[in-house]
$ cat entry-v5.cif   # mmCIF, N, CA and C atoms
data_coords
loop_
_atom_site.label_atom_id
_atom_site.label_comp_id
_atom_site.auth_asym_id
_atom_site.auth_seq_id
_atom_site.Cartn_x
_atom_site.Cartn_y
_atom_site.Cartn_z
N MET A 941 13.31 1.10 17.56
CA MET A 941 12.85 1.38 16.22
C MET A 941 11.35 1.69 16.21
N PHE A 942 10.58 0.94 17.02
CA PHE A 942 9.14 1.19 17.05
C PHE A 942 8.85 2.58 17.62
N GLY A 943 9.60 3.00 18.63
CA GLY A 943 9.41 4.32 19.21
C GLY A 943 9.66 5.42 18.20
N LEU A 944 10.71 5.27 17.38
CA LEU A 944 10.99 6.26 16.34
C LEU A 944 9.92 6.25 15.27
N LEU A 945 9.48 5.07 14.87
CA LEU A 945 8.40 4.95 13.90
C LEU A 945 7.12 5.61 14.43
N LEU A 946 6.84 5.37 15.69
CA LEU A 946 5.67 5.95 16.32
C LEU A 946 5.77 7.48 16.35
N ALA A 947 6.92 8.00 16.76
CA ALA A 947 7.09 9.45 16.92
C ALA A 947 7.11 10.21 15.61
N PHE A 948 7.74 9.63 14.58
CA PHE A 948 7.93 10.40 13.35
C PHE A 948 6.96 10.05 12.22
N LEU A 949 6.28 8.93 12.32
CA LEU A 949 5.39 8.57 11.23
C LEU A 949 3.94 8.38 11.69
N ILE A 950 3.73 7.58 12.71
CA ILE A 950 2.36 7.22 13.09
C ILE A 950 1.65 8.38 13.78
N ILE A 951 2.26 8.97 14.78
CA ILE A 951 1.58 10.05 15.53
C ILE A 951 1.26 11.25 14.63
N PRO A 952 2.22 11.77 13.85
CA PRO A 952 1.87 12.93 13.01
C PRO A 952 0.80 12.66 11.96
N THR A 953 0.73 11.42 11.47
CA THR A 953 -0.26 11.15 10.42
C THR A 953 -1.61 10.70 10.97
N GLN A 954 -1.66 10.22 12.21
CA GLN A 954 -2.90 9.65 12.73
C GLN A 954 -3.58 10.50 13.80
N ILE A 955 -2.86 11.42 14.43
CA ILE A 955 -3.45 12.24 15.49
C ILE A 955 -3.41 13.70 15.06
N LYS A 956 -4.56 14.31 15.05
CA LYS A 956 -4.71 15.68 14.57
C LYS A 956 -3.93 16.65 15.46
N TYR A 957 -3.28 17.61 14.84
CA TYR A 957 -2.58 18.66 15.57
C TYR A 957 -3.59 19.69 16.07
N VAL A 958 -3.50 20.04 17.34
CA VAL A 958 -4.36 21.05 17.94
C VAL A 958 -3.46 22.12 18.53
N ASP A 959 -3.71 23.37 18.16
CA ASP A 959 -2.89 24.48 18.66
C ASP A 959 -3.34 24.84 20.07
N THR A 960 -2.69 24.23 21.05
CA THR A 960 -3.01 24.44 22.45
C THR A 960 -1.73 24.26 23.26
N ASP A 961 -1.85 24.30 24.56
CA ASP A 961 -0.68 24.05 25.40
C ASP A 961 -0.13 22.67 25.10
N TRP A 962 1.18 22.49 25.22
CA TRP A 962 1.81 21.22 24.87
C TRP A 962 1.28 20.07 25.71
N TYR A 963 0.93 20.30 26.96
CA TYR A 963 0.46 19.21 27.82
C TYR A 963 -1.02 18.91 27.62
N ASN A 964 -1.75 19.76 26.92
CA ASN A 964 -3.16 19.50 26.62
C ASN A 964 -3.36 18.95 25.21
N SER A 965 -2.32 18.84 24.47
CA SER A 965 -2.41 18.37 23.10
C SER A 965 -2.78 16.89 23.05
N PRO A 966 -3.58 16.49 22.06
CA PRO A 966 -3.89 15.06 21.93
C PRO A 966 -2.66 14.22 21.60
N ARG A 967 -1.60 14.87 21.13
CA ARG A 967 -0.37 14.15 20.80
C ARG A 967 0.56 13.98 21.99
N PHE A 968 0.28 14.63 23.11
CA PHE A 968 1.21 14.63 24.24
C PHE A 968 1.48 13.23 24.78
N PHE A 969 0.45 12.51 25.17
CA PHE A 969 0.66 11.18 25.75
C PHE A 969 1.28 10.20 24.76
N PRO A 970 0.84 10.17 23.49
CA PRO A 970 1.53 9.28 22.54
C PRO A 970 3.01 9.61 22.37
N TYR A 971 3.37 10.90 22.41
CA TYR A 971 4.78 11.25 22.31
C TYR A 971 5.55 10.81 23.55
N VAL A 972 4.93 10.89 24.71
CA VAL A 972 5.57 10.40 25.93
C VAL A 972 5.83 8.90 25.82
N VAL A 973 4.84 8.16 25.34
CA VAL A 973 5.00 6.71 25.18
C VAL A 973 6.09 6.40 24.16
N ALA A 974 6.10 7.13 23.05
CA ALA A 974 7.12 6.91 22.03
C ALA A 974 8.51 7.21 22.59
N GLY A 975 8.63 8.27 23.37
CA GLY A 975 9.92 8.59 24.00
C GLY A 975 10.37 7.51 24.95
N LEU A 976 9.43 6.96 25.72
CA LEU A 976 9.77 5.86 26.62
C LEU A 976 10.20 4.63 25.84
N PHE A 977 9.55 4.34 24.72
CA PHE A 977 9.96 3.22 23.88
C PHE A 977 11.40 3.41 23.41
N VAL A 978 11.73 4.61 22.98
CA VAL A 978 13.09 4.88 22.49
C VAL A 978 14.11 4.74 23.61
N VAL A 979 13.85 5.38 24.74
CA VAL A 979 14.81 5.34 25.86
C VAL A 979 14.98 3.91 26.37
N LEU A 980 13.89 3.20 26.59
CA LEU A 980 13.99 1.83 27.09
C LEU A 980 14.59 0.89 26.05
N GLY A 981 14.32 1.12 24.78
CA GLY A 981 14.92 0.30 23.73
C GLY A 981 16.43 0.47 23.67
N VAL A 982 16.90 1.73 23.78
CA VAL A 982 18.34 1.98 23.79
C VAL A 982 18.98 1.35 25.02
N ALA A 983 18.33 1.48 26.17
CA ALA A 983 18.87 0.87 27.40
C ALA A 983 18.92 -0.65 27.27
N LEU A 984 17.90 -1.25 26.70
CA LEU A 984 17.89 -2.70 26.50
C LEU A 984 18.97 -3.14 25.52
N PHE A 985 19.19 -2.36 24.49
CA PHE A 985 20.22 -2.68 23.51
C PHE A 985 21.61 -2.70 24.17
N PHE A 986 21.93 -1.63 24.93
CA PHE A 986 23.25 -1.59 25.56
C PHE A 986 23.38 -2.62 26.67
N SER A 987 22.30 -2.90 27.36
CA SER A 987 22.32 -3.93 28.39
C SER A 987 22.60 -5.30 27.77
N GLY A 988 21.98 -5.58 26.64
CA GLY A 988 22.20 -6.84 25.94
C GLY A 988 23.61 -6.95 25.40
N ARG A 989 24.15 -5.85 24.88
CA ARG A 989 25.53 -5.87 24.38
C ARG A 989 26.52 -6.11 25.51
N LYS A 990 26.27 -5.48 26.65
CA LYS A 990 27.16 -5.66 27.80
C LYS A 990 27.11 -7.10 28.28
N LYS A 991 25.91 -7.66 28.36
CA LYS A 991 25.76 -9.03 28.82
C LYS A 991 26.40 -10.01 27.84
N SER A 992 26.22 -9.78 26.53
CA SER A 992 26.78 -10.71 25.55
C SER A 992 28.30 -10.62 25.53
N ALA A 993 28.86 -9.44 25.83
CA ALA A 993 30.31 -9.31 25.87
C ALA A 993 30.90 -10.09 27.04
N THR A 994 30.19 -10.16 28.16
CA THR A 994 30.70 -10.90 29.31
C THR A 994 30.44 -12.39 29.20
N MET A 995 29.53 -12.81 28.33
CA MET A 995 29.16 -14.22 28.23
C MET A 995 29.74 -14.89 26.98
N ARG A 996 30.67 -14.27 26.30
CA ARG A 996 31.18 -14.85 25.06
C ARG A 996 31.82 -16.21 25.28
N ASP A 997 32.57 -16.35 26.36
CA ASP A 997 33.29 -17.60 26.60
C ASP A 997 32.42 -18.65 27.28
N GLU A 998 31.34 -18.22 27.92
CA GLU A 998 30.48 -19.17 28.62
C GLU A 998 29.49 -19.81 27.66
N ALA A 999 29.11 -21.01 27.97
CA ALA A 999 28.09 -21.68 27.16
C ALA A 999 26.74 -21.04 27.45
N GLN A 1000 25.99 -20.77 26.43
CA GLN A 1000 24.70 -20.15 26.62
C GLN A 1000 23.65 -21.22 26.92
N GLU A 1001 22.75 -20.88 27.83
CA GLU A 1001 21.70 -21.80 28.21
C GLU A 1001 20.56 -21.73 27.20
N VAL A 1002 19.90 -22.85 27.01
CA VAL A 1002 18.73 -22.92 26.14
C VAL A 1002 17.53 -23.21 27.02
N TYR A 1003 16.50 -22.39 26.89
CA TYR A 1003 15.31 -22.56 27.69
C TYR A 1003 14.21 -23.18 26.84
N ALA A 1004 13.51 -24.14 27.41
CA ALA A 1004 12.39 -24.77 26.73
C ALA A 1004 11.12 -24.52 27.53
N PHE A 1005 10.02 -24.35 26.82
CA PHE A 1005 8.75 -24.16 27.48
C PHE A 1005 8.11 -25.52 27.74
N PRO A 1006 7.79 -25.79 28.98
CA PRO A 1006 7.10 -27.06 29.24
C PRO A 1006 5.66 -27.00 28.69
N TRP A 1007 5.12 -28.14 28.34
CA TRP A 1007 3.78 -28.23 27.77
C TRP A 1007 2.74 -27.62 28.70
N GLU A 1008 2.92 -27.75 30.02
CA GLU A 1008 1.96 -27.21 30.98
C GLU A 1008 1.82 -25.69 30.84
N LYS A 1009 2.92 -25.00 30.63
CA LYS A 1009 2.88 -23.54 30.48
C LYS A 1009 2.20 -23.15 29.16
N ILE A 1010 2.47 -23.89 28.10
CA ILE A 1010 1.83 -23.60 26.82
C ILE A 1010 0.33 -23.84 26.92
N LYS A 1011 -0.06 -24.90 27.62
CA LYS A 1011 -1.48 -25.20 27.80
C LYS A 1011 -2.17 -24.08 28.59
N MET A 1012 -1.51 -23.57 29.63
CA MET A 1012 -2.09 -22.48 30.42
C MET A 1012 -2.23 -21.21 29.56
N LEU A 1013 -1.26 -20.95 28.72
CA LEU A 1013 -1.33 -19.80 27.82
C LEU A 1013 -2.52 -19.92 26.88
N LEU A 1014 -2.71 -21.09 26.30
CA LEU A 1014 -3.83 -21.29 25.38
C LEU A 1014 -5.17 -21.17 26.09
N ILE A 1015 -5.26 -21.71 27.31
CA ILE A 1015 -6.49 -21.59 28.09
C ILE A 1015 -6.79 -20.12 28.40
N THR A 1016 -5.75 -19.37 28.75
CA THR A 1016 -5.93 -17.94 29.02
C THR A 1016 -6.42 -17.21 27.79
N LEU A 1017 -5.86 -17.51 26.64
CA LEU A 1017 -6.31 -16.86 25.40
C LEU A 1017 -7.76 -17.19 25.07
N VAL A 1018 -8.18 -18.44 25.34
CA VAL A 1018 -9.57 -18.82 25.10
C VAL A 1018 -10.49 -18.07 26.05
N ILE A 1019 -10.10 -17.96 27.32
CA ILE A 1019 -10.92 -17.22 28.29
C ILE A 1019 -11.04 -15.76 27.88
N LEU A 1020 -9.94 -15.14 27.47
CA LEU A 1020 -9.99 -13.74 27.06
C LEU A 1020 -10.81 -13.55 25.79
N ALA A 1021 -10.74 -14.49 24.85
CA ALA A 1021 -11.56 -14.40 23.64
C ALA A 1021 -13.04 -14.52 23.99
N ALA A 1022 -13.38 -15.43 24.89
CA ALA A 1022 -14.77 -15.57 25.32
C ALA A 1022 -15.24 -14.31 26.03
N TYR A 1023 -14.36 -13.71 26.83
CA TYR A 1023 -14.69 -12.47 27.55
C TYR A 1023 -14.98 -11.34 26.56
N VAL A 1024 -14.14 -11.19 25.56
CA VAL A 1024 -14.35 -10.13 24.57
C VAL A 1024 -15.64 -10.40 23.78
N PHE A 1025 -15.90 -11.65 23.43
CA PHE A 1025 -17.13 -11.99 22.72
C PHE A 1025 -18.35 -11.70 23.58
N ALA A 1026 -18.30 -12.04 24.87
CA ALA A 1026 -19.43 -11.83 25.77
C ALA A 1026 -19.71 -10.35 26.00
N MET A 1027 -18.68 -9.51 25.90
CA MET A 1027 -18.87 -8.06 26.11
C MET A 1027 -19.78 -7.44 25.05
N GLU A 1028 -19.96 -8.13 23.92
CA GLU A 1028 -20.88 -7.63 22.90
C GLU A 1028 -22.34 -7.74 23.35
N PHE A 1029 -22.62 -8.68 24.24
CA PHE A 1029 -24.01 -8.97 24.61
C PHE A 1029 -24.34 -8.64 26.06
N LEU A 1030 -23.35 -8.65 26.93
CA LEU A 1030 -23.57 -8.42 28.36
C LEU A 1030 -22.80 -7.19 28.83
N PRO A 1031 -23.24 -6.57 29.94
CA PRO A 1031 -22.51 -5.41 30.45
C PRO A 1031 -21.14 -5.78 31.02
N TYR A 1032 -20.37 -4.74 31.28
CA TYR A 1032 -18.99 -4.88 31.74
C TYR A 1032 -18.88 -5.65 33.05
N ILE A 1033 -19.66 -5.29 34.04
CA ILE A 1033 -19.49 -5.86 35.39
C ILE A 1033 -19.72 -7.37 35.42
N PRO A 1034 -20.84 -7.92 34.93
CA PRO A 1034 -20.98 -9.37 35.01
C PRO A 1034 -19.95 -10.13 34.19
N CYS A 1035 -19.61 -9.61 33.00
CA CYS A 1035 -18.59 -10.29 32.18
C CYS A 1035 -17.25 -10.34 32.90
N THR A 1036 -16.86 -9.24 33.49
CA THR A 1036 -15.57 -9.17 34.14
C THR A 1036 -15.54 -10.01 35.40
N ILE A 1037 -16.63 -10.04 36.15
CA ILE A 1037 -16.68 -10.87 37.35
C ILE A 1037 -16.49 -12.33 36.98
N VAL A 1038 -17.20 -12.79 35.97
CA VAL A 1038 -17.08 -14.20 35.56
C VAL A 1038 -15.68 -14.48 35.00
N ALA A 1039 -15.16 -13.60 34.15
CA ALA A 1039 -13.84 -13.83 33.55
C ALA A 1039 -12.75 -13.86 34.62
N LEU A 1040 -12.79 -12.94 35.58
CA LEU A 1040 -11.79 -12.95 36.65
C LEU A 1040 -11.89 -14.19 37.51
N ALA A 1041 -13.11 -14.59 37.85
CA ALA A 1041 -13.28 -15.78 38.67
C ALA A 1041 -12.76 -17.02 37.96
N VAL A 1042 -13.10 -17.17 36.68
CA VAL A 1042 -12.63 -18.33 35.92
C VAL A 1042 -11.11 -18.30 35.81
N MET A 1043 -10.54 -17.14 35.55
CA MET A 1043 -9.09 -17.03 35.43
C MET A 1043 -8.39 -17.39 36.74
N MET A 1044 -8.93 -16.94 37.85
CA MET A 1044 -8.32 -17.25 39.15
C MET A 1044 -8.42 -18.74 39.47
N ILE A 1045 -9.52 -19.34 39.10
CA ILE A 1045 -9.68 -20.78 39.34
C ILE A 1045 -8.73 -21.58 38.44
N VAL A 1046 -8.60 -21.16 37.19
CA VAL A 1046 -7.69 -21.85 36.27
C VAL A 1046 -6.24 -21.76 36.78
N TYR A 1047 -5.89 -20.62 37.36
CA TYR A 1047 -4.54 -20.45 37.89
C TYR A 1047 -4.41 -20.94 39.33
N LYS A 1048 -5.33 -21.83 39.73
CA LYS A 1048 -5.27 -22.61 40.96
C LYS A 1048 -5.38 -21.79 42.25
N GLN A 1049 -6.20 -20.76 42.24
CA GLN A 1049 -6.53 -20.07 43.48
C GLN A 1049 -7.69 -20.84 44.10
N ARG A 1050 -7.44 -21.48 45.22
CA ARG A 1050 -8.44 -22.36 45.80
C ARG A 1050 -9.20 -21.74 46.98
N ASN A 1051 -8.82 -20.57 47.39
CA ASN A 1051 -9.55 -19.90 48.45
C ASN A 1051 -10.75 -19.19 47.83
N TRP A 1052 -11.93 -19.76 48.04
CA TRP A 1052 -13.13 -19.22 47.39
C TRP A 1052 -13.48 -17.82 47.86
N LEU A 1053 -13.09 -17.49 49.08
CA LEU A 1053 -13.33 -16.13 49.57
C LEU A 1053 -12.51 -15.12 48.77
N VAL A 1054 -11.26 -15.46 48.49
CA VAL A 1054 -10.41 -14.58 47.69
C VAL A 1054 -10.94 -14.47 46.27
N VAL A 1055 -11.33 -15.60 45.67
CA VAL A 1055 -11.87 -15.59 44.31
C VAL A 1055 -13.10 -14.69 44.24
N GLY A 1056 -14.01 -14.88 45.17
CA GLY A 1056 -15.24 -14.08 45.16
C GLY A 1056 -14.99 -12.61 45.43
N ALA A 1057 -14.15 -12.31 46.42
CA ALA A 1057 -13.90 -10.91 46.78
C ALA A 1057 -13.18 -10.17 45.66
N VAL A 1058 -12.15 -10.77 45.10
CA VAL A 1058 -11.39 -10.08 44.05
C VAL A 1058 -12.20 -9.96 42.77
N SER A 1059 -12.88 -11.03 42.38
CA SER A 1059 -13.62 -10.98 41.12
C SER A 1059 -14.82 -10.04 41.17
N VAL A 1060 -15.32 -9.73 42.36
CA VAL A 1060 -16.42 -8.77 42.48
C VAL A 1060 -15.88 -7.36 42.73
N ALA A 1061 -14.89 -7.23 43.61
CA ALA A 1061 -14.40 -5.90 44.01
C ALA A 1061 -13.66 -5.19 42.88
N VAL A 1062 -12.80 -5.88 42.16
CA VAL A 1062 -11.99 -5.22 41.12
C VAL A 1062 -12.86 -4.60 40.02
N PRO A 1063 -13.80 -5.33 39.42
CA PRO A 1063 -14.63 -4.68 38.39
C PRO A 1063 -15.47 -3.52 38.93
N LEU A 1064 -15.97 -3.67 40.16
CA LEU A 1064 -16.76 -2.58 40.73
C LEU A 1064 -15.91 -1.33 40.96
N ILE A 1065 -14.71 -1.51 41.49
CA ILE A 1065 -13.81 -0.38 41.72
C ILE A 1065 -13.44 0.29 40.39
N ILE A 1066 -13.12 -0.52 39.39
CA ILE A 1066 -12.77 0.04 38.08
C ILE A 1066 -13.96 0.77 37.48
N TYR A 1067 -15.13 0.15 37.53
CA TYR A 1067 -16.32 0.77 36.94
C TYR A 1067 -16.64 2.11 37.60
N PHE A 1068 -16.70 2.13 38.92
CA PHE A 1068 -17.05 3.37 39.61
C PHE A 1068 -15.95 4.42 39.51
N SER A 1069 -14.70 4.00 39.44
CA SER A 1069 -13.60 4.96 39.25
C SER A 1069 -13.71 5.64 37.90
N PHE A 1070 -13.95 4.86 36.86
CA PHE A 1070 -14.06 5.45 35.53
C PHE A 1070 -15.34 6.26 35.37
N THR A 1071 -16.44 5.75 35.93
CA THR A 1071 -17.73 6.40 35.72
C THR A 1071 -17.88 7.68 36.54
N TYR A 1072 -17.53 7.64 37.82
CA TYR A 1072 -17.79 8.78 38.69
C TYR A 1072 -16.59 9.66 38.93
N LEU A 1073 -15.39 9.12 38.98
CA LEU A 1073 -14.21 9.95 39.21
C LEU A 1073 -13.69 10.55 37.92
N LEU A 1074 -13.58 9.74 36.88
CA LEU A 1074 -13.05 10.22 35.61
C LEU A 1074 -14.12 10.70 34.64
N LYS A 1075 -15.38 10.46 34.98
CA LYS A 1075 -16.53 10.89 34.16
C LYS A 1075 -16.47 10.30 32.75
N LEU A 1076 -16.10 9.02 32.67
CA LEU A 1076 -16.07 8.32 31.40
C LEU A 1076 -17.16 7.25 31.38
N ARG A 1077 -17.69 6.99 30.20
CA ARG A 1077 -18.73 5.97 30.08
C ARG A 1077 -18.08 4.61 29.88
N MET A 1078 -18.54 3.64 30.65
CA MET A 1078 -18.08 2.27 30.49
C MET A 1078 -19.16 1.49 29.74
N PRO A 1079 -18.77 0.42 29.03
CA PRO A 1079 -19.78 -0.35 28.29
C PRO A 1079 -20.73 -1.08 29.23
#

$ encode --input "entry-v5.cif" --output "structure tokens"
Amino acid sequence: MFGLLLAFLIIPTQIKYVDTDWYNSPRFFPYVVAGLFVVLGVALFFSGRKKSATMRDEAQEVYAFPWEKIKMLLITLVILAAYVFAMEFLPYIPCTIVALAVMMIVYKQRNWLVVGAVSVAVPLIIYFSFTYLLKLRMP
């Protein structure tokens, strides 16, 4: 439903039509995403119907979230909120290095070499890829 809403209501009203080749249009990528939403949604619907038809006689399992997982989710949301807030005052690279390092430590990565290498290498690779290869400005 979201894919259809996106394709027939949101994209035509929010993205300007440009008379150019179809693959250069500003609407091209959003229409691709909307099409994927529709195709994957239909596949998920039929997959769920097939599964429910085979499980009618079986007792359905109930899954509960343990408190530890909910706590980790809340900690992650706080870290991401602090990261977004810090991006207003600090550049991309130092904010991302600190956020990645804290996130890896929270998720119990205890090898400090891995924490340091990943938290420094990933933001630098992303920054230089966007800045020099794609010619886009990063904050």

$ resolve_selection --input "entry-v5.cif" --expression "the PyMOL selection byres (((chain A and resi 1046-1060 and name CA) around 12) and name CA)" --output "PyMOL selection string"
chain A and resi 1008-1009+1011-1016+1018-1019+1032-1045+1061-1067

$ residues_around --input "entry-v5.cif" --residues "Ala974 (chain A)" --least-positions-apart "3" --cutoff "6.5 Å" --atoms "all atoms listed in the file" --output "PDB file with N, CA and C atoms, in the coordinates of the input"
ATOM      1  N   PHE A 942      10.580   0.940  17.020  1.00  0.00           N
ATOM      2  CA  PHE A 942       9.140   1.190  17.050  1.00  0.00           C
ATOM      3  C   PHE A 942       8.850   2.580  17.620  1.00  0.00           C
ATOM      4  N   GLY A 943       9.600   3.000  18.630  1.00  0.00           N
ATOM      5  CA  GLY A 943       9.410   4.320  19.210  1.00  0.00           C
ATOM      6  C   GLY A 943       9.660   5.420  18.200  1.00  0.00           C
ATOM      7  N   LEU A 944      10.710   5.270  17.380  1.00  0.00           N
ATOM      8  CA  LEU A 944      10.990   6.260  16.340  1.00  0.00           C
ATOM      9  C   LEU A 944       9.920   6.250  15.270  1.00  0.00           C
ATOM     10  N   LEU A 946       6.840   5.370  15.690  1.00  0.00           N
ATOM     11  CA  LEU A 946       5.670   5.950  16.320  1.00  0.00           C
ATOM     12  C   LEU A 946       5.770   7.480  16.350  1.00  0.00           C
ATOM     13  N   ALA A 947       6.920   8.000  16.760  1.00  0.00           N
ATOM     14  CA  ALA A 947       7.090   9.450  16.920  1.00  0.00           C
ATOM     15  C   ALA A 947       7.110  10.210  15.610  1.00  0.00           C
ATOM     16  N   PHE A 969       0.450  12.510  25.170  1.00  0.00           N
ATOM     17  CA  PHE A 969       0.660  11.180  25.750  1.00  0.00           C
ATOM     18  C   PHE A 969       1.280  10.200  24.760  1.00  0.00           C
ATOM     19  N   PRO A 970       0.840  10.170  23.490  1.00  0.00           N
ATOM     20  CA  PRO A 970       1.530   9.280  22.540  1.00  0.00           C
ATOM     21  C   PRO A 970       3.010   9.610  22.370  1.00  0.00           C
ATOM     22  N   TYR A 971       3.370  10.900  22.410  1.00  0.00           N
ATOM     23  CA  TYR A 971       4.780  11.250  22.310  1.00  0.00           C
ATOM     24  C   TYR A 971       5.550  10.810  23.550  1.00  0.00           C
ATOM     25  N   PHE A 977       9.550   4.340  24.720  1.00  0.00           N
ATOM     26  CA  PHE A 977       9.960   3.220  23.880  1.00  0.00           C
ATOM     27  C   PHE A 977      11.400   3.410  23.410  1.00  0.00           C
ATOM     28  N   VAL A 978      11.730   4.610  22.980  1.00  0.00           N
ATOM     29  CA  VAL A 978      13.090   4.880  22.490  1.00  0.00           C
ATOM     30  C   VAL A 978      14.110   4.740  23.610  1.00  0.00           C
ATOM     31  N   VAL A 979      13.850   5.380  24.740  1.00  0.00           N
ATOM     32  CA  VAL A 979      14.810   5.340  25.860  1.00  0.00           C
ATOM     33  C   VAL A 979      14.980   3.910  26.370  1.00  0.00           C
TER      34      VAL A 979
END

$ select_by_dssp --input "entry-v5.cif" --residues "region 986-1047 of chain A" --states "helix (DSSP H, G or I)" --output "PyMOL selection string"
chain A and resi 986-994+1007-1026+1032-1046

$ atom_distance --input "entry-v5.cif" --atom1 "atom N of Pro1031 (chain A)" --atom2 "atom C of Arg1077 (chain A)"
12.3 Å

$ atom_distance --input "entry-v5.cif" --atom1 "CA of Val972 (chain A)" --atom2 "CA of Leu945 (chain A)"
13.5 Å
